[in-house]
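The file query_0.pdb comes next; it holds PDB, C-alpha atoms.
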ATOM      1  CA  MET A   2     -25.411 -39.044   1.596
ATOM      2  CA  ARG A   3     -24.596 -35.544   2.761
ATOM      3  CA  PRO A   4     -27.519 -33.190   3.525
ATOM      4  CA  ALA A   5     -27.811 -29.995   1.488
ATOM      5  CA  LYS A   6     -26.112 -26.971   3.053
ATOM      6  CA  SER A   7     -28.293 -24.023   3.896
ATOM      7  CA  PRO A   8     -27.018 -20.437   4.310
ATOM      8  CA  THR A   9     -28.330 -20.398   7.891
ATOM      9  CA  ARG A  10     -26.444 -23.564   8.713
ATOM     10  CA  SER A  11     -23.199 -22.210   7.251
ATOM     11  CA  TRP A  12     -23.677 -18.926   9.099
ATOM     12  CA  CYS A  13     -24.322 -20.655  12.415
ATOM     13  CA  ALA A  14     -21.351 -22.955  11.918
ATOM     14  CA  ALA A  15     -19.076 -20.017  11.062
ATOM     15  CA  ALA A  16     -20.248 -18.104  14.142
ATOM     16  CA  ILE A  17     -19.708 -21.107  16.414
ATOM     17  CA  VAL A  18     -16.256 -21.716  14.907
ATOM     18  CA  ALA A  19     -15.338 -18.074  15.563
ATOM     19  CA  VAL A  20     -16.519 -18.319  19.179
ATOM     20  CA  MET A  21     -14.703 -21.608  19.644
ATOM     21  CA  THR A  22     -11.527 -20.134  18.124
ATOM     22  CA  VAL A  23     -11.641 -17.197  20.519
ATOM     23  CA  SER A  24     -12.232 -19.490  23.470
ATOM     24  CA  GLY A  25      -9.716 -22.036  22.120
ATOM     25  CA  GLY A  26      -7.003 -20.555  24.331
ATOM     26  CA  LEU A  27      -9.073 -21.435  27.374
ATOM     27  CA  VAL A  28      -9.573 -25.012  26.193
ATOM     28  CA  ALA A  29      -5.855 -25.423  25.487
ATOM     29  CA  ALA A  30      -4.917 -23.899  28.842
ATOM     30  CA  GLN A  31      -7.255 -26.153  30.793
ATOM     31  CA  SER A  32      -6.776 -29.338  28.687
ATOM     32  CA  ALA A  33      -9.119 -31.457  30.792
ATOM     33  CA  PRO A  34      -8.454 -35.188  30.957
ATOM     34  CA  ASP A  35     -10.816 -37.612  29.191
ATOM     35  CA  GLY A  36     -12.717 -38.372  32.367
ATOM     36  CA  GLU A  37     -13.484 -34.710  33.112
ATOM     37  CA  ASN A  38     -16.098 -33.079  30.800
ATOM     38  CA  GLY A  39     -15.366 -35.604  28.012
ATOM     39  CA  ARG A  40     -13.613 -35.177  24.702
ATOM     40  CA  TYR A  41     -16.460 -33.444  22.842
ATOM     41  CA  SER A  42     -18.250 -30.207  23.553
ATOM     42  CA  MET A  43     -21.817 -30.096  22.208
ATOM     43  CA  THR A  44     -23.773 -26.938  21.379
ATOM     44  CA  PRO A  45     -27.406 -27.041  20.196
ATOM     45  CA  ILE A  46     -28.191 -25.383  16.847
ATOM     46  CA  PRO A  47     -31.515 -25.262  14.943
ATOM     47  CA  GLU A  48     -30.512 -28.161  12.646
ATOM     48  CA  GLY A  49     -29.208 -30.407  15.436
ATOM     49  CA  VAL A  50     -25.978 -30.192  17.419
ATOM     50  CA  LEU A  51     -22.589 -28.611  16.784
ATOM     51  CA  ARG A  52     -19.798 -30.868  18.063
ATOM     52  CA  LEU A  53     -16.304 -29.595  18.941
ATOM     53  CA  ASP A  54     -13.523 -32.139  19.388
ATOM     54  CA  THR A  55     -11.515 -30.596  22.251
ATOM     55  CA  ARG A  56      -8.388 -32.577  21.329
ATOM     56  CA  THR A  57      -8.132 -31.793  17.621
ATOM     57  CA  GLY A  58     -10.297 -28.679  17.316
ATOM     58  CA  THR A  59     -12.432 -30.278  14.586
ATOM     59  CA  VAL A  60     -15.971 -28.902  14.382
ATOM     60  CA  SER A  61     -18.818 -31.112  13.102
ATOM     61  CA  THR A  62     -22.528 -30.654  12.650
ATOM     62  CA  CYS A  63     -24.650 -33.553  13.842
ATOM     63  CA  THR A  64     -28.199 -34.015  12.597
ATOM     64  CA  ARG A  65     -30.806 -36.706  13.147
ATOM     65  CA  ASN A  66     -31.897 -38.640  10.075
ATOM     66  CA  GLY A  67     -34.006 -41.777   9.583
ATOM     67  CA  ALA A  68     -31.185 -44.142  10.623
ATOM     68  CA  GLY A  69     -30.023 -42.134  13.664
ATOM     69  CA  TRP A  70     -27.516 -39.334  14.136
ATOM     70  CA  ALA A  71     -24.985 -38.364  11.458
ATOM     71  CA  CYS A  72     -22.073 -35.968  11.976
ATOM     72  CA  TYR A  73     -20.317 -34.168   9.150
ATOM     73  CA  ALA A  74     -17.138 -32.126   9.552
ATOM     74  CA  VAL A  75     -17.502 -28.405   8.936
ATOM     75  CA  PRO A  76     -14.981 -27.380   6.269
ATOM     76  CA  ASP A  77     -12.005 -25.522   7.682
ATOM     77  CA  GLU A  78     -11.965 -22.232   5.794
ATOM     78  CA  ARG A  79      -8.476 -21.315   6.968
ATOM     79  CA  SER A  80      -6.863 -24.332   5.326
ATOM     80  CA  ALA A  81      -8.763 -23.627   2.091
ATOM     81  CA  LEU A  82      -7.612 -19.991   2.183
ATOM     82  CA  ASP A  83      -4.000 -21.033   2.854
ATOM     83  CA  ALA A  84      -4.117 -23.456  -0.083
ATOM     84  CA  GLU A  85      -5.483 -20.740  -2.382
ATOM     85  CA  ILE A  86      -2.843 -18.248  -1.207
ATOM     86  CA  GLY A  87      -0.128 -20.822  -1.934
ATOM     87  CA  ARG A  88      -1.525 -21.482  -5.412
ATOM     88  CA  LEU A  89      -1.696 -17.757  -6.206
ATOM     89  CA  GLN A  90       1.855 -17.163  -4.944
ATOM     90  CA  ALA A  91       3.144 -19.962  -7.176
ATOM     91  CA  GLU A  92       1.275 -18.481 -10.135
ATOM     92  CA  VAL A  93       2.740 -15.018  -9.432
ATOM     93  CA  GLU A  94       6.259 -16.464  -9.325
ATOM     94  CA  LYS A  95       5.647 -18.292 -12.607
ATOM     95  CA  LEU A  96       4.378 -15.093 -14.259
ATOM     96  CA  LYS A  97       7.349 -13.099 -12.933
ATOM     97  CA  GLY A  98       9.664 -15.691 -14.470
ATOM     98  CA  GLN A  99       7.893 -15.410 -17.799
ATOM     99  CA  ALA A 100       8.044 -11.604 -17.677
ATOM    100  CA  ALA A 101      11.759 -11.679 -16.929
ATOM    101  CA  ALA A 102      12.362 -14.002 -19.899
ATOM    102  CA  GLY A 103      11.004 -11.378 -22.289
ATOM    103  CA  PRO A 104       7.884 -10.836 -24.342
ATOM    104  CA  THR A 105       6.289 -13.960 -25.788
ATOM    105  CA  VAL A 106       3.811 -12.236 -28.108
ATOM    106  CA  SER A 107       3.770 -13.765 -31.544
ATOM    107  CA  GLY A 108       2.963 -11.969 -34.765
ATOM    108  CA  LYS A 109       3.791  -8.518 -36.036
ATOM    109  CA  ILE A 110       3.916  -6.006 -33.195
ATOM    110  CA  ASP A 111       5.785  -3.119 -34.825
ATOM    111  CA  GLU A 112       2.767  -1.978 -36.847
ATOM    112  CA  ALA A 113       2.159   1.761 -36.791
ATOM    113  CA  LEU A 114      -0.993   3.125 -35.241
ATOM    114  CA  PRO A 115      -3.307   5.329 -37.326
ATOM    115  CA  LYS A 116      -2.298   8.982 -37.185
ATOM    116  CA  SER A 117      -5.760  10.451 -36.732
ATOM    117  CA  ASP A 118      -8.775   9.398 -34.787
ATOM    118  CA  SER A 119     -12.065  10.931 -35.875
ATOM    119  CA  LEU A 120     -13.514  10.692 -32.331
ATOM    120  CA  LYS A 121     -10.519  12.172 -30.545
ATOM    121  CA  LYS A 122     -10.667  15.919 -30.042
ATOM    122  CA  GLY A 123      -7.579  17.996 -30.601
ATOM    123  CA  GLU A 124      -5.513  19.177 -27.673
ATOM    124  CA  PRO A 125      -6.384  22.649 -26.373
ATOM    125  CA  LYS A 126      -4.144  25.207 -28.044
ATOM    126  CA  VAL A 127      -2.099  27.738 -26.149
ATOM    127  CA  ALA A 128      -2.216  31.306 -27.474
ATOM    128  CA  ASP A 129       1.231  32.754 -28.112
ATOM    129  CA  GLY A 130       1.116  35.966 -26.105
ATOM    130  CA  ASP A 131      -1.436  35.439 -23.348
ATOM    131  CA  ARG A 132      -0.717  31.811 -22.396
ATOM    132  CA  LYS A 133      -4.464  31.144 -22.159
ATOM    133  CA  LEU A 134      -6.133  27.913 -23.116
ATOM    134  CA  GLU A 135      -8.366  27.883 -26.163
ATOM    135  CA  ILE A 136     -11.253  25.488 -25.763
ATOM    136  CA  PRO A 137     -12.892  24.443 -29.027
ATOM    137  CA  LEU A 138     -16.624  25.155 -29.195
ATOM    138  CA  PRO A 139     -19.116  22.455 -30.190
ATOM    139  CA  SER A 140     -19.979  22.267 -33.858
ATOM    140  CA  ASP A 141     -23.410  23.068 -35.306
ATOM    141  CA  GLN A 142     -23.993  19.327 -35.737
ATOM    142  CA  ASP A 143     -23.316  18.753 -32.014
ATOM    143  CA  LEU A 144     -25.720  21.568 -31.071
ATOM    144  CA  ASP A 145     -28.428  20.211 -33.401
ATOM    145  CA  ARG A 146     -28.124  16.749 -31.852
ATOM    146  CA  ALA A 147     -28.343  18.196 -28.323
ATOM    147  CA  MET A 148     -31.382  20.324 -29.190
ATOM    148  CA  SER A 149     -33.112  17.353 -30.845
ATOM    149  CA  PHE A 150     -32.523  15.225 -27.732
ATOM    150  CA  LEU A 151     -33.819  17.935 -25.401
ATOM    151  CA  GLY A 152     -36.900  18.492 -27.603
ATOM    152  CA  LYS A 153     -37.775  14.779 -27.579
ATOM    153  CA  ALA A 154     -37.239  14.565 -23.814
ATOM    154  CA  TRP A 155     -39.460  17.628 -23.250
ATOM    155  CA  ARG A 156     -42.267  16.211 -25.441
ATOM    156  CA  ARG A 157     -42.120  12.872 -23.604
ATOM    157  CA  LEU A 158     -42.282  14.648 -20.232
ATOM    158  CA  ILE A 159     -45.336  16.659 -21.321
ATOM    159  CA  ASP A 160     -47.040  13.513 -22.691
ATOM    160  CA  MET A 161     -46.367  11.697 -19.430
ATOM    161  CA  ALA A 162     -47.781  14.588 -17.379
ATOM    162  CA  ASN A 163     -50.914  14.642 -19.562
ATOM    163  CA  ARG A 164     -51.437  10.884 -19.107
ATOM    164  CA  VAL A 165     -51.037  11.185 -15.339
ATOM    165  CA  GLN A 166     -53.486  14.110 -15.256
ATOM    166  CA  LYS A 167     -56.069  12.095 -17.276
ATOM    167  CA  ASP A 168     -55.633   9.076 -14.979
ATOM    168  CA  VAL A 169     -56.054  11.186 -11.855
ATOM    169  CA  SER A 170     -59.069  13.118 -13.175
ATOM    170  CA  GLY A 171     -60.720   9.860 -14.301
ATOM    171  CA  ARG A 172     -60.460   8.364 -10.822
ATOM    172  CA  ILE A 173     -61.824  11.378  -8.924
TER     173      ILE A 173
END

As structure tokens, please, write out the structure in this file.
Amino acid sequence: MRPAKSPTRSWCAAAIVAVMTVSGGLVAAQSAPDGENGRYSMTPIPEGVLRLDTRTGTVSTCTRNGAGWACYAVPDERSALDAEIGRLQAEVEKLKGQAAAGPTVSGKIDEALPKSDSLKKGEPKVADGDRKLEIPLPSDQDLDRAMSFLGKAWRRLIDMANRVQKDVSGRI
């Protein structure tokens, strides 16, 4: 049974993998024989030991459980990323092929759109002689709505200030 992964464990493993990757050139350049320094490099971590196989580059976390020590390979993120990139590239190629084949939308698509939209404001008009923009003013209904909103907001602010003043004066 595999122990539950903790964020700290994943973070430590990722940091060790990064350090080992950077120093991997040194390990490859030295390539010590089996008798010298051994095949595995061990690094203590809070959960146990991080084990690096100097021949294959595999990183494992080793922890002590009731039956002894158990080592589990740390997932190689690069291979997972490469697999996902390959999958996405294949999907992009498939979609490009479908786009080149033409539209595949079923149903009626030549339906006319409505000519007027009640929420859409008209385009600013250009005066004939002056070439100035005419900006439409808000309607009385728009002004009434704005004034009503501001009035309610002002009353709520005053009520809040009164409640705070009562609370403060009651505590003094």

Around all of segment 42-58 of chain A's listed atoms, make the axis-aligned box with 8 Å on each side and tell me centre and edge lengths in Å to one decimal, as lines of an AutoDock Vina configuration file.
center_x = -19.8
center_y = -28.9
center_z = 18.1
size_x = 39.4
size_y = 23.3
size_z = 26.9

What does the distance from atom CA of Arg40 of chain A to atom CA of Leu53 of chain A come to in Å, to one decimal?
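About the pair atom CA of Arg40 of chain A and atom CA of Leu53 of chain A: they are 8.5 Å apart.
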
What would the selection look like, as a ChimeraX atom specification, if the PyMOL selection byres ((chain A and resi 41) around 10) were run on the coordinates I just shared?
/A:35,38-40,42-44,51-60

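Among the candidates A:Leu96, A:Val165, A:Ala74, A:Ala154, the one nearest to Ser61 of chain A when counting only C-alpha atoms is A:Ala74.
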
Distance in Å - atom CA of Ala162 of chain A versus atom CA of Leu144 of chain A:
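If I compute the distance from atom CA of Ala162 of chain A to atom CA of Leu144 of chain A, I get 26.9 Å.
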
For atom CA of Lys95 of chain A and atom CA of Leu82 of chain A, quote the distance in Å rounded to one decimal.
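Between atom CA of Lys95 of chain A and atom CA of Leu82 of chain A the gap is 19.9 Å.
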
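Nearest to Thr64 of chain A of all the residues A:Ala101, A:Ile86, A:Val50, A:Ala91 is A:Val50, counting only C-alpha atoms.
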